[in-house]
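Contents: one structure, followed by commentary.
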Amino acid sequence: MKKNIFLVLYVVFLCTSCEEFLEEKTDGLVSTEKFYQTDADLVAAVNGIYQGMRADVNDGQMWPISSVEIISDDATLGGSITSERFALDDVSYDARHAYIQRTWAGAYRVINRANSLLFYASKTSKISDQILRRTRAEAQFLRAFYYFRLVQLFGDVPLVLEPADVTKNNLQPTRAASQDVYKQIVDDLKYAEENLDANYPYSSVNGGRVTQAAAKTLMGKVYLTMAGFPLKDISKYQLAADKLKEVIDNKDTYNLDINPNYANIFSADEAVKAADKERIFYIKGASGFPASLQAYTRMKSNYLSSSLITASTDYVPFLFSAGTTTYNNLSGGTTVPSVQVDDAISLALPIGFSYNYGGSRYDKFYMSSNGFISFINRSNLASNLSSVKDPIIGPLMDNLNGSGGVASYATTGSAPNRVLTVEWRNWRWKTGTTLANNISFQVKLYEVDGKIEMLYNQISDPVNTTATAVGFRVSPFYCSIRNTATAPDFKWDFSISSYSTNITRFQPGQIFTIIPSGVFEWADARRLVSINSTYRVTKYNDQINTGYTDNADDFHWLRYSDVLLMYAEALIEMGGAANMDIAMEQMNQIRRAHGGTSAAPAVPVLTNLAYTDQNDLREKLRLERRREFTFEAQRWYDLKRWGIMPEKLRQQLSTQFNQPIANYGYINEKIMFWPIPESERTNNPNLSQNDGY
């Protein structure tokens, strides 16, 4: 008698710590070939394979997703530090790590279910050719998908293509060479693309079911991966480009396109999800634990509530630098006489362009004699950061006096590179009105990237400056610059309690530069969707099911923007001006659709990219992939394919933990493969271990 497939898998791979597997409902699982008698039997069997994927998105079981996020340079560990999570965070995991063990076991669980269907499914009088072909194609796609995961994570892995059976002596397989695993993946996907349906309506029955477009897209990704590290078979770039172009050229047939609203890609609303054409291969989220292809996706809990994953140090809201330059007085500007007295604020003044400040757009400002500009009309009550809640920029906030000085502003340059300069020249920095004017200072606002510069020319020291502040307020942050004359320090917080700085002196020609957002451009709407003000991931924030349990967010394994960017990557690596021009246009399509903001006043989409050479365009492509797929479990695989993972992780950890890069010398090429789980090797002596573990 044939063995129950799930129990045999348990014997073979010994998923000893996975209680969830033992508790799993067996709808769709099969034990003998006699089960497959009708179309409904085969559909139930293939649905059972999909159900095996649920652990990828369920609470506490997101190992294939959360693990690669924490290890990458995009994410870090949030919440309480536990040994296993921290081992992922600082890349110090070993072969006993439970997340690694469960990722291995979960993949082979799905593979074994696919093997069962493929081994036992055969034509009968009650099974139609269409259903037989389609379900076999789905099974081969899903087997290919999980072998692709395994070969990327572990390198050489056992290539099991039949159900585990003690009578066939296949319980302790050896590791197959990566090239052989990739060959099987490609063979499976070729059958899948020839026999899958073109598309399905978004529904509880077929939502998430694989399609011909999914097979072509995954094959393109497989070819692109084979062209990079570790195989480095550059002939695959052409194959990747050809396959991905088939998807692009037939997007109407496959009902695919860029979603013009980036946030809607991750909505939990059924109507919004049904209208989304980005989705190619995904897990359909649903409240509860339905018996169809759907699954509750507790992405929100893992990302937003428990802080399992938070943005890395690259996702800081502002990049700060300090230095010195030549201070040049503003010439030819418009004077503001109303400010050239004590405790005064101007009427609305034109910025000269639409300035993005904290995600809001402003075209006017108000200038105060007390060393700040505001973006909303306000009285001149407070002169310190700790007292204000409205959006302001304060190059020198104190009880200043403009008597005898000049207040002026000017907008220079042409779109999209205009600059507003606001100057307080020959100003009195003091409490009271008796001392001579002793300082000039400016603030500059840059249209293209939202950059802020503060410049100073100090003649003599002030007195009684107990409450001077240098910084700005942009909701929800209070941002302060301290120690201006020695070692300038920049800090942001949500508190208003500690932003008086007792500044007494600036270096000659002091300049402070603040560039908004480390990874994203300031106007990039993807930034606002992906990360909140506390640097937690908000991309999967189900607003309909407001709790953190049974959420209905879909999780995308493949989507249309990925097709465009993978196609662009293949063309860039193939080289040639024509290829690179086409690649740039794929990137600009996405920027035009996903990068703009609708905040008033209306702002055009992000500026189209241009490039100087192949390497310049390559770096722009890599940055666009990082922005577009933030926290979609793509970054680790991208870094590995590009062969730059060790250096990126060393840089990230050095900054995150404030340690010398030399402390992370153990992060080298060997960590680009995970260890073979020790429990698997204990029960299968034919499994060798990866180098370095």
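Simple scheme: letters A, B, ... for chains in structure tokens order, numbers from 1 for residues in each chain, numbers from 1 for ligands in the order shown.
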| query | So which residues touch Pro173 of chain A within 10 Å, counting only C-alpha atoms, skipping near sequence neighbours fewer than 6 positions away, as a PyMOL selection string? | reply | chain A and resi 12+157-160+164+684-687
| request: Using only C-alpha atoms, determine which residues lie at most 12 Å from Phe512 of chain A, disregarding the query and same-chain residues fewer than 5 positions distant; provide the list as a ChimeraX atom specification. | output: /A:319-325,394-396,441-444,451-456,470-471,480-482,484-485,487-490,506-507
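The set of residues in segment 334-572 of chain A assigned to helix (DSSP H, G or I) by DSSP, using only backbone atoms of this structure, is A:Pro337, A:Ser338, A:Val339, A:Leu385, A:Ser386, A:Ser387, A:Ala525, A:Arg526, A:Arg527, A:Leu528, A:Val529, A:Ser530, A:Tyr560, A:Ser561, A:Asp562, A:Val563, A:Leu564, A:Leu565, A:Met566, A:Tyr567, A:Ala568, A:Glu569, A:Ala570, A:Leu571, A:Ile572.
All residues of protein, DNA or RNA that reach within 6 Å of segment 544-553 of chain A, judged by only C-alpha atoms and not counting those fewer than 4 positions away in the chain, are Ala268, Gly285, Ala286, Ser287, Gly288, Tyr296, Thr297, Arg298 and Ser301 of chain A.
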| said: Env of segment 110-115 of chain A: 9 Å cut, atoms = only C-alpha atoms, seq-sep filter 6 positions within chain, self excluded. Answer as a ChimeraX atom specification. | reply: /A:5-6,9,29-30,45-46,48-53,136,138-140,142-144,146-147,160-164
| message | Give me, as an NGL selection string, the residues of segment 285-445 of chain A that a backbone DSSP run labels strand (DSSP E). | response | :A and (309-311 or 318-324 or 334-335 or 349-357 or 360-367 or 373-374 or 392-397 or 406-412 or 419-427 or 439-445)
Write a file of the selected residues as a PDB file, in the first residue's frame, keeping C-alpha atoms.
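That gives us out-v6.pdb:
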```
ATOM      1  CA  ILE A 309      10.828  43.871  10.404  1.00  0.00           C
ATOM      2  CA  THR A 310      11.610  47.584  10.385  1.00  0.00           C
ATOM      3  CA  ALA A 311      13.355  49.736   7.836  1.00  0.00           C
ATOM      4  CA  PHE A 318      16.943  62.855   6.353  1.00  0.00           C
ATOM      5  CA  LEU A 319      20.613  62.643   5.449  1.00  0.00           C
ATOM      6  CA  PHE A 320      22.705  65.299   7.237  1.00  0.00           C
ATOM      7  CA  SER A 321      26.152  66.694   6.527  1.00  0.00           C
ATOM      8  CA  ALA A 322      28.122  69.673   7.845  1.00  0.00           C
ATOM      9  CA  GLY A 323      31.007  71.626   6.407  1.00  0.00           C
ATOM     10  CA  THR A 324      32.264  75.077   5.507  1.00  0.00           C
ATOM     11  CA  THR A 334      13.370  91.005  -3.154  1.00  0.00           C
ATOM     12  CA  THR A 335      13.581  92.818   0.188  1.00  0.00           C
ATOM     13  CA  LEU A 349       5.848  85.263  -0.106  1.00  0.00           C
ATOM     14  CA  PRO A 350       6.217  83.154  -3.284  1.00  0.00           C
ATOM     15  CA  ILE A 351       8.598  80.196  -3.250  1.00  0.00           C
ATOM     16  CA  GLY A 352       8.705  80.266  -7.040  1.00  0.00           C
ATOM     17  CA  PHE A 353       7.983  76.540  -7.420  1.00  0.00           C
ATOM     18  CA  SER A 354       6.057  73.769  -5.683  1.00  0.00           C
ATOM     19  CA  TYR A 355       8.184  72.631  -2.748  1.00  0.00           C
ATOM     20  CA  ASN A 356       7.681  69.159  -1.276  1.00  0.00           C
ATOM     21  CA  TYR A 357       8.108  69.395   2.497  1.00  0.00           C
ATOM     22  CA  SER A 360       2.991  68.155   1.458  1.00  0.00           C
ATOM     23  CA  ARG A 361       3.430  70.707  -1.296  1.00  0.00           C
ATOM     24  CA  TYR A 362       3.808  74.453  -0.686  1.00  0.00           C
ATOM     25  CA  ASP A 363       4.144  77.394  -3.079  1.00  0.00           C
ATOM     26  CA  LYS A 364       4.474  80.185  -0.494  1.00  0.00           C
ATOM     27  CA  PHE A 365       6.287  80.843   2.776  1.00  0.00           C
ATOM     28  CA  TYR A 366       6.308  83.345   5.653  1.00  0.00           C
ATOM     29  CA  MET A 367       9.550  84.916   6.926  1.00  0.00           C
ATOM     30  CA  ILE A 373      10.382  80.487   7.810  1.00  0.00           C
ATOM     31  CA  SER A 374       6.948  78.903   8.093  1.00  0.00           C
ATOM     32  CA  ILE A 392       8.839  75.457   9.832  1.00  0.00           C
ATOM     33  CA  ILE A 393      12.547  75.635   8.995  1.00  0.00           C
ATOM     34  CA  GLY A 394      14.690  77.493  11.495  1.00  0.00           C
ATOM     35  CA  PRO A 395      18.306  78.224  10.561  1.00  0.00           C
ATOM     36  CA  LEU A 396      18.626  80.334  13.736  1.00  0.00           C
ATOM     37  CA  MET A 397      15.582  80.417  16.009  1.00  0.00           C
ATOM     38  CA  VAL A 406      18.174  93.422   5.411  1.00  0.00           C
ATOM     39  CA  ALA A 407      15.613  90.648   4.892  1.00  0.00           C
ATOM     40  CA  SER A 408      15.362  89.358   1.320  1.00  0.00           C
ATOM     41  CA  TYR A 409      14.647  86.327  -0.847  1.00  0.00           C
ATOM     42  CA  ALA A 410      15.182  85.207  -4.436  1.00  0.00           C
ATOM     43  CA  THR A 411      14.338  82.210  -6.607  1.00  0.00           C
ATOM     44  CA  THR A 412      17.001  81.275  -9.145  1.00  0.00           C
ATOM     45  CA  VAL A 419      16.397  77.209  -5.661  1.00  0.00           C
ATOM     46  CA  LEU A 420      14.805  79.573  -3.157  1.00  0.00           C
ATOM     47  CA  THR A 421      17.271  81.539  -1.025  1.00  0.00           C
ATOM     48  CA  VAL A 422      16.034  83.444   2.053  1.00  0.00           C
ATOM     49  CA  GLU A 423      18.543  85.684   3.829  1.00  0.00           C
ATOM     50  CA  TRP A 424      18.732  87.520   7.144  1.00  0.00           C
ATOM     51  CA  ARG A 425      21.730  89.817   6.527  1.00  0.00           C
ATOM     52  CA  ASN A 426      23.483  91.788   9.232  1.00  0.00           C
ATOM     53  CA  TRP A 427      21.073  90.597  11.924  1.00  0.00           C
ATOM     54  CA  ILE A 439      25.413  87.641  12.049  1.00  0.00           C
ATOM     55  CA  SER A 440      24.107  86.925   8.561  1.00  0.00           C
ATOM     56  CA  PHE A 441      22.497  83.614   7.633  1.00  0.00           C
ATOM     57  CA  GLN A 442      20.512  81.971   4.839  1.00  0.00           C
ATOM     58  CA  VAL A 443      18.254  79.006   4.186  1.00  0.00           C
ATOM     59  CA  LYS A 444      18.079  77.484   0.706  1.00  0.00           C
ATOM     60  CA  LEU A 445      15.299  75.195  -0.568  1.00  0.00           C
TER      61      LEU A 445
END
```
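We find atom CA of Trp557 of chain A and atom CA of Gln651 of chain A to be spaced 27.7 Å apart.
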Which neighbours of Leu609 of chain A fall inside 8 Å, counting only C-alpha atoms, when residues of the same chain fewer than 2 positions from it are skipped, and could you give them as a tab-separated table (two decimals) with N, CA and C atoms, in the first residue's frame?
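around_1.tsv written:
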```
chain	number	residue	atom	x	y	z
A	584	MET	N	15.87	52.14	-20.17
A	584	MET	CA	15.55	53.37	-19.46
A	584	MET	C	14.07	53.70	-19.56
A	587	MET	N	12.01	51.76	-17.08
A	587	MET	CA	12.13	52.34	-15.75
A	587	MET	C	11.30	53.61	-15.62
A	588	ASN	N	11.32	54.43	-16.67
A	588	ASN	CA	10.58	55.69	-16.62
A	588	ASN	C	9.07	55.46	-16.66
A	607	THR	N	10.83	63.06	-12.26
A	607	THR	CA	11.57	63.39	-13.48
A	607	THR	C	12.06	62.13	-14.17
A	611	TYR	N	20.87	58.73	-18.51
A	611	TYR	CA	22.06	57.98	-18.09
A	611	TYR	C	23.27	58.44	-18.90
```
| field | Spatial neighbours of segment 77-90 of chain A, max dist 10 Å, only C-alpha atoms, sep filter under 5 positions, as number ranges by chain | value | A: 66-72, 96-100, 302-312, 535-536, 649-650, 652-654, 656-657, 664, 667
Residues just named, written with C-alpha atoms as a PDB file, in the first residue's frame:
```pdb
ATOM      1  CA  SER A  66      10.826  37.641   6.906  1.00  0.00           C
ATOM      2  CA  SER A  67      14.156  35.819   6.978  1.00  0.00           C
ATOM      3  CA  VAL A  68      15.414  37.226   3.697  1.00  0.00           C
ATOM      4  CA  GLU A  69      14.173  40.694   4.664  1.00  0.00           C
ATOM      5  CA  ILE A  70      16.000  40.758   7.995  1.00  0.00           C
ATOM      6  CA  ILE A  71      19.204  39.450   6.414  1.00  0.00           C
ATOM      7  CA  SER A  72      19.128  42.047   3.631  1.00  0.00           C
ATOM      8  CA  ARG A  96      20.616  24.789  13.607  1.00  0.00           C
ATOM      9  CA  HIS A  97      18.565  27.916  12.933  1.00  0.00           C
ATOM     10  CA  ALA A  98      14.853  27.084  13.125  1.00  0.00           C
ATOM     11  CA  TYR A  99      13.773  29.574  10.428  1.00  0.00           C
ATOM     12  CA  ILE A 100      16.209  28.013   7.974  1.00  0.00           C
ATOM     13  CA  ASN A 302       4.682  40.666  11.222  1.00  0.00           C
ATOM     14  CA  TYR A 303       5.595  43.997   9.691  1.00  0.00           C
ATOM     15  CA  LEU A 304       3.625  46.654  11.532  1.00  0.00           C
ATOM     16  CA  SER A 305       2.453  45.298  14.872  1.00  0.00           C
ATOM     17  CA  SER A 306       5.193  43.058  16.206  1.00  0.00           C
ATOM     18  CA  SER A 307       8.004  45.037  14.580  1.00  0.00           C
ATOM     19  CA  LEU A 308       9.575  41.841  13.342  1.00  0.00           C
ATOM     20  CA  ILE A 309      10.828  43.871  10.404  1.00  0.00           C
ATOM     21  CA  THR A 310      11.610  47.584  10.385  1.00  0.00           C
ATOM     22  CA  ALA A 311      13.355  49.736   7.836  1.00  0.00           C
ATOM     23  CA  SER A 312      17.131  49.691   7.934  1.00  0.00           C
ATOM     24  CA  TYR A 535      10.267  53.317  10.176  1.00  0.00           C
ATOM     25  CA  ARG A 536       7.974  50.336  10.366  1.00  0.00           C
ATOM     26  CA  LEU A 649      25.528  43.826   4.405  1.00  0.00           C
ATOM     27  CA  ARG A 650      28.838  44.875   5.967  1.00  0.00           C
ATOM     28  CA  GLN A 652      24.506  48.162   6.721  1.00  0.00           C
ATOM     29  CA  LEU A 653      25.586  46.362   9.917  1.00  0.00           C
ATOM     30  CA  SER A 654      28.455  48.773  10.524  1.00  0.00           C
ATOM     31  CA  GLN A 656      23.231  49.883  12.313  1.00  0.00           C
ATOM     32  CA  PHE A 657      25.374  48.784  15.261  1.00  0.00           C
ATOM     33  CA  TYR A 664      32.019  42.021   9.907  1.00  0.00           C
ATOM     34  CA  ILE A 667      30.355  38.285   5.943  1.00  0.00           C
TER      35      ILE A 667
END
```
